[in-house]
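Below: one structure, written as structure tokens.
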Amino acid sequence: MTNEELQSYLTERFTEAEIKLGTQYVEMTVTAAALHETALQLKKLDKLSFDYLFCLTGVDYAENMGIVYHLESVEHRHVMVLKAKTADRVSPALDTVSDVWITAKYHEREAYDLLGIHFNNHTDLRRMFLDDSWGHPLRKDYVDEVRIVER
Amino acid sequence: MAFNIYDFTTLTHSIHVGLAESFSPVVATTIEWVIVGVSYLLFVALFGLFLVYAERKVCAAFQQRLGPMRVGPWGLLQTIADFIKLLMKELIMPRKADWFLYNLAPFIVIIASFMAIAILPFAPGLQSFDFDIGIFYLTAVSSVGVIGILIAGWSSNNKYSLIGAMRSGAQILSYELSVSLSLLTMVIFAGSMQFSTIVEGQRDAWFIFSGHIPAMIAFIIFLIAGTAETNRGPFDLAEAESELVAGFHTEYSGVKFAMFFLAEYINLFIISAVAATVFLGGWMPLHFGNLESFNHVMDFIPPVVWFFGKVLFVIFVIMWFKWTFPRLRVDQILTLEWKYLLPINLVNILLMALVVLTKFHF
Amino acid sequence: MSEIREVIINNDRLATDEYLVNMGPQHPSTHGVLRLLVRLEGEKVLNVQPHTGYIHSGIEKMCEAITYPQIIHLTDRMDYLSAHMNNEAVALCVEKALQVEVPDRVKYIRTIMDELSRLASHQLWWCVFGMDMGALTTFFYGLRDREKILDIFEETCGARMTVSYNTPGGLMFDIHPNFQKRVKEFITYFRTKLPEYDKLLSGNVILRERAEGIGHLSLKDAIDFGVTGPSGRASGFSCDMRKHQPYSAYPLVKFKEILDDRCDTLARYEVRILEMYESLSIIEQLIDNIPEGDYAVKMKGVLKLPEGEFYQRVESARGEFGVYIVSDGKKNPYRVKFRSPGFSNMFALNKMAKGHKIADLVAIMSTLDLIIPDIDR
């Protein structure tokens with residue numbers, strides 16, 4: 001499917017979600033509550049079959065946190081972006097999609113480590129790179145007076 | 001006797017007579033023991049150093065490089081420098097290691113090697129023991145080393161060491177069978193277990209030629225099993241560096257590591273020397289049936305040169321496949337022994353017995 | 001300690017004859033500072049847990065404080081064996097955001113350099129794979145040929161591994177006058193040497209016995225785990241970004257995407273060997289036709305990306321490499337994420353190694369071709 005077809009199909013299928021055409025890919029933003037169900041649908045629907053999650057990025061959007069899922073369908077070769085935002089940044093939490101795409105399990109651990117986003121129902125949510133005593137360095141308000149030199 | 005001039009019996013006899021004249025028999029015997037012991041020690045140390053150097057150069061040649069070139073001419077002094085370095089290194093022992101066994105292990109390994117080397121005939125008259133059960137003794141003694149390896153692996157209190165030792169144990173126990181059975185094939189052919197008789201039997205033709213097909217099969221099996229018994233590549237599972245860091249000697253450093261290292265090279269020498277003695281005629285020159293003049297020319301090359309020439313040839317072959325083949329996996333190594341080498345060996349013994357019975361040999 | 005406790009909690013208690021072994025962070029076969037917590041029963045691998053972070057250098061955090069041309073120099077340090085592809089990904093991403101069209105000359109040179117890096121990386125992988133299998137001689141054969149590529153790199157960009165040859169809008173400087181001649185010399189040379197690799201290792205009985213049927217990764221698992229690159233293609237996962245999302249001069253060249261459906265260690269081995277042949281043929285198609293022109297577009301002194309999100313996928317030597325830039329219109333990015341192939345590939349290790357022997361674990365890990373700074377970033 002081309003981006004336009006994909007956009008119209010998604011708009012038709014997911015009425016709740018906010019869908020727009022980004023710079024390259026179709027971007028769909030869903031609420032935290034709808035995330036898991038949407039992810040399942042994206043993978044299961046024959047016309048979409050987004051079975052390959054190639055990138056999972058946690059972003060700190062100042063007022064809340066977000067996760068950006070880059071999805072591709074191996075069968076149809078179309079790409080889309082799924083976004084979900086947490087309610088706040090004090091205790092950000094999202095449902096895990098690791099049962100949909102296995103690789104998400106490890107990317108979510110990375111996001112948990114670097115941004116402190118908690119993933120509900122994740123079977124093995126541990127820090128990936130850093131010690132337990134570290135903060136979450138990719139948060140915009142992260143301050144480390146010893147190691148970061150401000151210019 | 002064609003090689004009288006090279007016979008060491010005269011030399012050893014004159015030493016014995018000289019000593020017996022000046023000392024009481026007890027003192028004379030003691031001095032002889034010391035002389036023999038010191039010369040074996042010197043030989044092992046020097047030949048070990050030489051083998052390390054040879055291995056580096058052979059491996060370098062296979063890998064399109066020069067090998068050690070800096071220390072001394074063509075890097076000849078490199079191994080000596082390395083040995084000095086090893087001697088000066090700090091001996092580190094893991095805190096939770098078993099102190100007694102940890103220190104005992106290298107000695108068991110090296111003593112086993114020394115005991116085996118005593119039986120080898122280097123040249124006429126140059127052999128310290130000549131048992132009538134020489135080969136039996138050799139197979140018995142050469143499997144003592146594995147106890148040292150098992151102890152080393154266990155007492156180091158390191159899981160890698162333990163895995164390495166267990167692999168080594170399984171491997172040596174299995175391949176001991178093949179080594180013994182292939183030697184047994186040749187014992188059937190030679191009709192004796194005594195090394196001097198075996199060598200003497202090859203005066204006209206080496207066993208590998210006169211025993212033709214079964215002897216060749218036995219030789220190949222012996223080479224494979226012998227390599228496995230010395231824990232060398234492609235059977236170096238016990239110290240597989242990409243899997244087990246250094247296997248059973250991971251926790252050893254300095255001179256204790258040097259002992260394992262030296263023992264490995266002595267074992268290589270022993271396996272090659274046994275192969276050379278039992279299959280390739282020991283110190284016997286190359287003789288062809290009726291070519292009198294050729295045989296005569298060959299006789300002028302000293303037996304020591306023949307012996308070491310053959311040994312170095314076998315060592316080269318073993319090094320050759322170490323530096324060419326990838327390592328086997330532990331289950332494959334056991335499959336190879338129990339499913340292939342052992343049945344072939346048993347059939348081969350039968351074949352050899354038939355050959356001997358029907359006198360279908362040269 | 002806490003992690004060992006974790007394992008015991010997650011996977012019940014250790015049975016009597018089970019034990020845990022730490023492979024790494026200092027272990028000869030983890031090629032760097034990866035740590036694998038391996039649960040064993042005798043020689044049999046029951047479970048592998050990779051532990052990362054020993055060389056985490058916070059590159060994504062650093063990127064937020066520096067400008068776009070500066071980011072390129074950090075990407076070298078991630079996957080240092082496919083440094084050029086990483087550079088290119090960032091350069092392409094920034095060019096896409098600024099809507100800059102680079103001259104054809106740049107595209108050609110970038111593609112040639114890409115393929116040279118891929119060759120160098122696959123050669124080093126071959127050396128190391130041989131070494132992990134216990135055949136130490138391969139190491140020197142592979143390095144001998146890799147030297148020649150590194151010499152070409154050195155002549156053209158002044159660095160041998162961390163090339164930093166790309167810049168947004170083109171290349172840092174033009175190719176060296178000798179470049180074409182030396183690359184052609186190298187191709188003729190390497191075409192004679194590549195069959196040697198097969199003679200030395202590929203046809204070896206021991207290697208085949210050890211690699212065949214080991215480390216099975218089905219197509220579904222490859223997609224689920226996001227295993228890309230040669231490792232993914234050996235499972236039949238068509239994931240070559242050069243084909244699916246062509247960039248630079250890849251639309252202009254003919255080449256095959258090497259796919260294999262045997263899914264085992266041997267397949268991963270052979271895919272890489274065949275890819276070397278493909279790389280050679282790609283370079284051959286381009287090297288004589290490098291068009292004349294500028295080696296870079298004149299760019300502004302300070303690059304400011306428009307507000308938005310940009311993603312660029314390239315095929316690095318070990319899989320799909322992605323750069324995701326979130327820009328808020330300033331001279332430095334708001335958020336940069338690198339999708340590194342090694343990160344996803346590594347976690348398929350447990351799936352592949354379960355039930356095999358320790359020696360197989362090492363071989364499987366070797367065919368995944370992990371570069372630890374690429375995983376840890």
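As shown in the structure tokens, the chain order sets the letters A, B, ...; within each chain, residues go from 1, and ligands are also counted from 1 in the order they appear.
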
Skip Ile217 in chain B itself and residues of its chain fewer than 5 positions away, then list as number ranges by chain all residues within 10 Å of it, counting only C-alpha atoms.
B: 182, 185, 208, 211-212, 222-223, 344-345, 348

Produce a file of the selected residues containing N, CA and C atoms, as a PDB file, in the first residue's frame.
```pdb
ATOM      1  N   SER B 182      45.830 -49.381  18.408  1.00  0.00           N
ATOM      2  CA  SER B 182      46.649 -49.282  17.197  1.00  0.00           C
ATOM      3  C   SER B 182      48.072 -49.753  17.498  1.00  0.00           C
ATOM      4  N   THR B 185      48.001 -53.507  17.488  1.00  0.00           N
ATOM      5  CA  THR B 185      48.086 -54.042  16.128  1.00  0.00           C
ATOM      6  C   THR B 185      49.538 -54.261  15.741  1.00  0.00           C
ATOM      7  N   ILE B 208      55.685 -49.796   8.709  1.00  0.00           N
ATOM      8  CA  ILE B 208      54.601 -49.207   7.933  1.00  0.00           C
ATOM      9  C   ILE B 208      54.626 -49.728   6.501  1.00  0.00           C
ATOM     10  N   GLY B 211      54.191 -53.963   6.974  1.00  0.00           N
ATOM     11  CA  GLY B 211      52.858 -54.341   7.446  1.00  0.00           C
ATOM     12  C   GLY B 211      51.751 -53.861   6.538  1.00  0.00           C
ATOM     13  N   HIS B 212      52.131 -53.223   5.476  1.00  0.00           N
ATOM     14  CA  HIS B 212      51.247 -52.582   4.478  1.00  0.00           C
ATOM     15  C   HIS B 212      49.888 -52.123   4.997  1.00  0.00           C
ATOM     16  N   PHE B 222      46.646 -43.968  14.851  1.00  0.00           N
ATOM     17  CA  PHE B 222      47.545 -43.563  15.931  1.00  0.00           C
ATOM     18  C   PHE B 222      47.797 -42.057  15.881  1.00  0.00           C
ATOM     19  N   LEU B 223      47.983 -41.527  14.679  1.00  0.00           N
ATOM     20  CA  LEU B 223      48.228 -40.083  14.564  1.00  0.00           C
ATOM     21  C   LEU B 223      47.022 -39.293  15.082  1.00  0.00           C
ATOM     22  N   ILE B 344      36.892 -49.535  13.608  1.00  0.00           N
ATOM     23  CA  ILE B 344      37.902 -49.713  12.568  1.00  0.00           C
ATOM     24  C   ILE B 344      39.130 -50.397  13.157  1.00  0.00           C
ATOM     25  N   ASN B 345      39.490 -49.936  14.348  1.00  0.00           N
ATOM     26  CA  ASN B 345      40.666 -50.467  15.021  1.00  0.00           C
ATOM     27  C   ASN B 345      40.527 -51.961  15.316  1.00  0.00           C
ATOM     28  N   ASN B 348      40.789 -53.850  12.315  1.00  0.00           N
ATOM     29  CA  ASN B 348      42.177 -53.771  11.857  1.00  0.00           C
ATOM     30  C   ASN B 348      43.067 -54.771  12.581  1.00  0.00           C
TER      31      ASN B 348
END
```

Restrict the calculation to only C-alpha atoms, then for each residue of chain B with any atom at most 7 Å from an atom of chain C give the closest atom pair and their distance in Å to one decimal, rows by chain and rising residue number, as a Markdown table.
```
| residue | atom | partner | partner_atom | distance |
| --- | --- | --- | --- | --- |
| B:Gln63 | CA | C:Thr137 | CA | 5.5 |
| B:Lys159 | CA | C:Val21 | CA | 7.0 |
| B:Glu241 | CA | C:Pro28 | CA | 6.8 |
| B:Ser242 | CA | C:Ser29 | CA | 4.9 |
| B:Glu243 | CA | C:Ala359 | CA | 6.2 |
| B:Val245 | CA | C:Pro28 | CA | 6.3 |
| B:Trp323 | CA | C:Thr137 | CA | 6.0 |
| B:Thr324 | CA | C:Ala135 | CA | 6.2 |
| B:Phe325 | CA | C:Ala135 | CA | 5.4 |
| B:Pro326 | CA | C:Ala135 | CA | 4.1 |
| B:Arg327 | CA | C:Gly134 | CA | 4.7 |
| B:Leu328 | CA | C:Ile206 | CA | 6.4 |
| B:Arg329 | CA | C:Ala359 | CA | 6.3 |
```

Kindly save the residues from that selection, with N, CA, C and O atoms included, as an mmCIF file, in the first residue's frame.
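File produced: again_3.cif:
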```
data_model
loop_
_atom_site.group_PDB
_atom_site.id
_atom_site.type_symbol
_atom_site.label_atom_id
_atom_site.label_comp_id
_atom_site.auth_asym_id
_atom_site.auth_seq_id
_atom_site.Cartn_x
_atom_site.Cartn_y
_atom_site.Cartn_z
ATOM 1 N N GLN B 63 50.582 -19.245 8.180
ATOM 2 C CA GLN B 63 49.759 -18.046 8.250
ATOM 3 C C GLN B 63 50.371 -16.890 7.488
ATOM 4 O O GLN B 63 50.038 -15.732 7.735
ATOM 5 N N LYS B 159 34.886 -22.510 36.910
ATOM 6 C CA LYS B 159 34.011 -23.375 36.120
ATOM 7 C C LYS B 159 34.601 -23.687 34.762
ATOM 8 O O LYS B 159 34.436 -24.786 34.232
ATOM 9 N N GLU B 241 40.395 -21.976 23.488
ATOM 10 C CA GLU B 241 40.467 -20.620 24.018
ATOM 11 C C GLU B 241 39.239 -19.784 23.690
ATOM 12 O O GLU B 241 38.875 -18.922 24.454
ATOM 13 N N SER B 242 38.575 -20.075 22.560
ATOM 14 C CA SER B 242 37.423 -19.232 22.272
ATOM 15 C C SER B 242 36.206 -19.644 23.090
ATOM 16 O O SER B 242 35.244 -18.912 23.174
ATOM 17 N N GLU B 243 36.262 -20.827 23.690
ATOM 18 C CA GLU B 243 35.127 -21.237 24.509
ATOM 19 C C GLU B 243 35.446 -21.153 25.996
ATOM 20 O O GLU B 243 34.698 -20.606 26.763
ATOM 21 N N VAL B 245 38.359 -19.998 27.575
ATOM 22 C CA VAL B 245 39.458 -19.099 27.919
ATOM 23 C C VAL B 245 40.784 -19.837 27.794
ATOM 24 O O VAL B 245 41.515 -19.642 26.848
ATOM 25 N N TRP B 323 47.156 -26.302 12.645
ATOM 26 C CA TRP B 323 46.993 -24.938 12.133
ATOM 27 C C TRP B 323 46.105 -24.876 10.901
ATOM 28 O O TRP B 323 46.015 -23.850 10.251
ATOM 29 N N THR B 324 45.506 -25.995 10.530
ATOM 30 C CA THR B 324 44.633 -25.953 9.351
ATOM 31 C C THR B 324 43.166 -26.171 9.713
ATOM 32 O O THR B 324 42.301 -25.549 9.123
ATOM 33 N N PHE B 325 42.912 -27.041 10.670
ATOM 34 C CA PHE B 325 41.521 -27.441 10.900
ATOM 35 C C PHE B 325 40.859 -26.632 12.003
ATOM 36 O O PHE B 325 41.505 -26.261 12.975
ATOM 37 N N PRO B 326 39.549 -26.442 11.861
ATOM 38 C CA PRO B 326 38.793 -25.920 13.001
ATOM 39 C C PRO B 326 38.647 -26.997 14.076
ATOM 40 O O PRO B 326 38.872 -28.178 13.802
ATOM 41 N N ARG B 327 38.249 -26.559 15.245
ATOM 42 C CA ARG B 327 38.142 -27.474 16.380
ATOM 43 C C ARG B 327 36.849 -28.279 16.302
ATOM 44 O O ARG B 327 35.840 -27.797 15.814
ATOM 45 N N LEU B 328 36.909 -29.512 16.798
ATOM 46 C CA LEU B 328 35.684 -30.312 16.844
ATOM 47 C C LEU B 328 34.876 -29.959 18.090
ATOM 48 O O LEU B 328 35.386 -29.356 19.021
ATOM 49 N N ARG B 329 33.625 -30.384 18.053
ATOM 50 C CA ARG B 329 32.776 -30.169 19.218
ATOM 51 C C ARG B 329 32.900 -31.400 20.109
ATOM 52 O O ARG B 329 33.315 -32.459 19.650
#
```

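One finds CA of Val183 in chain C at 22.8 Å from CA of Val314 in chain C.
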
Using only C-alpha atoms, determine which residues lie at most 12 Å from Gly201 in chain B, disregarding the query and same-chain residues fewer than 2 positions distant; provide the list as a PyMOL selection string.
chain B and resi 186-187+189-199+203-208+210-211+277-284+362

May I have a table of the residues of chain A lying at most 8 Å from chain C, giving each one's closest pair of atoms and their distance in Å to one decimal, counting only C-alpha atoms, ordered by chain and ascending residue number, as a tab-separated table?
```
residue	atom	partner	partner_atom	distance
A:Gly22	CA	C:Glu309	CA	7.7
A:Thr23	CA	C:Phe310	CA	6.8
A:Gln24	CA	C:Phe310	CA	7.3
A:Asp51	CA	C:Ile223	CA	7.0
A:Tyr52	CA	C:Ile223	CA	5.6
A:Leu53	CA	C:Gly226	CA	6.7
A:Phe54	CA	C:Gly226	CA	6.3
A:Cys55	CA	C:Arg339	CA	5.9
A:Thr57	CA	C:Lys337	CA	6.5
A:Val59	CA	C:Arg335	CA	6.9
A:Val74	CA	C:Ser238	CA	7.8
A:Arg77	CA	C:His244	CA	7.9
A:Trp101	CA	C:Asp224	CA	5.6
A:Ile102	CA	C:Asp224	CA	5.4
A:Thr103	CA	C:Phe225	CA	4.4
A:Tyr106	CA	C:Phe347	CA	7.6
A:Met128	CA	C:Thr52	CA	6.3
A:Phe129	CA	C:Gly53	CA	3.7
A:Leu130	CA	C:Gly53	CA	6.2
A:Pro137	CA	C:Lys61	CA	7.1
A:Leu138	CA	C:Lys61	CA	6.0
```

Long-range neighbours of range 108-112 of chain A as a PyMOL selection string, 9 Å cut-off, only C-alpha atoms, 5 positions minimum in chain
chain A and resi 56-59+67+96-98+103+117-119+122+124-129+136

Skipping near chain neighbours, those fewer than 4 positions away, what residues fall within 7 Å of Ser279 in chain C using only C-alpha atoms, listed as a PyMOL selection string?
chain C and resi 115+119+275+283

Output as a tab-separated table (two decimals) with all heavy atoms, in the first residue's frame all residues of range 108-301 of chain C that backbone DSSP marks as strand (DSSP E).
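Full text of out.tsv as output:
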```
chain	number	residue	atom	x	y	z
C	166	ASN	N	31.77	11.19	5.33
C	166	ASN	CA	30.57	11.88	4.89
C	166	ASN	C	30.36	13.14	5.68
C	166	ASN	O	30.81	13.28	6.81
C	166	ASN	CB	29.35	10.98	5.09
C	166	ASN	CG	29.24	9.97	4.00
C	166	ASN	OD1	29.00	10.30	2.85
C	166	ASN	ND2	29.44	8.71	4.36
C	167	THR	N	29.62	14.04	5.08
C	167	THR	CA	29.20	15.24	5.78
C	167	THR	C	27.85	15.58	5.16
C	167	THR	O	27.59	15.20	4.03
C	167	THR	CB	30.24	16.36	5.60
C	167	THR	OG1	29.82	17.49	6.32
C	167	THR	CG2	30.46	16.72	4.16
C	170	GLY	N	27.38	15.97	1.17
C	170	GLY	CA	28.37	15.35	0.30
C	170	GLY	C	29.47	14.66	1.06
C	170	GLY	O	29.22	13.95	2.03
C	171	LEU	N	30.70	14.89	0.62
C	171	LEU	CA	31.83	14.23	1.26
C	171	LEU	C	32.75	15.29	1.85
C	171	LEU	O	32.67	16.48	1.49
C	171	LEU	CB	32.60	13.42	0.21
C	171	LEU	CG	31.76	12.40	-0.56
C	171	LEU	CD1	32.52	11.91	-1.77
C	171	LEU	CD2	31.41	11.25	0.34
```

With only C-alpha atoms as the atoms that count, which of C:Thr162, C:Gln123, C:Asn332, C:Gln99 lies nearest to Arg146 in chain C?
C:Gln123
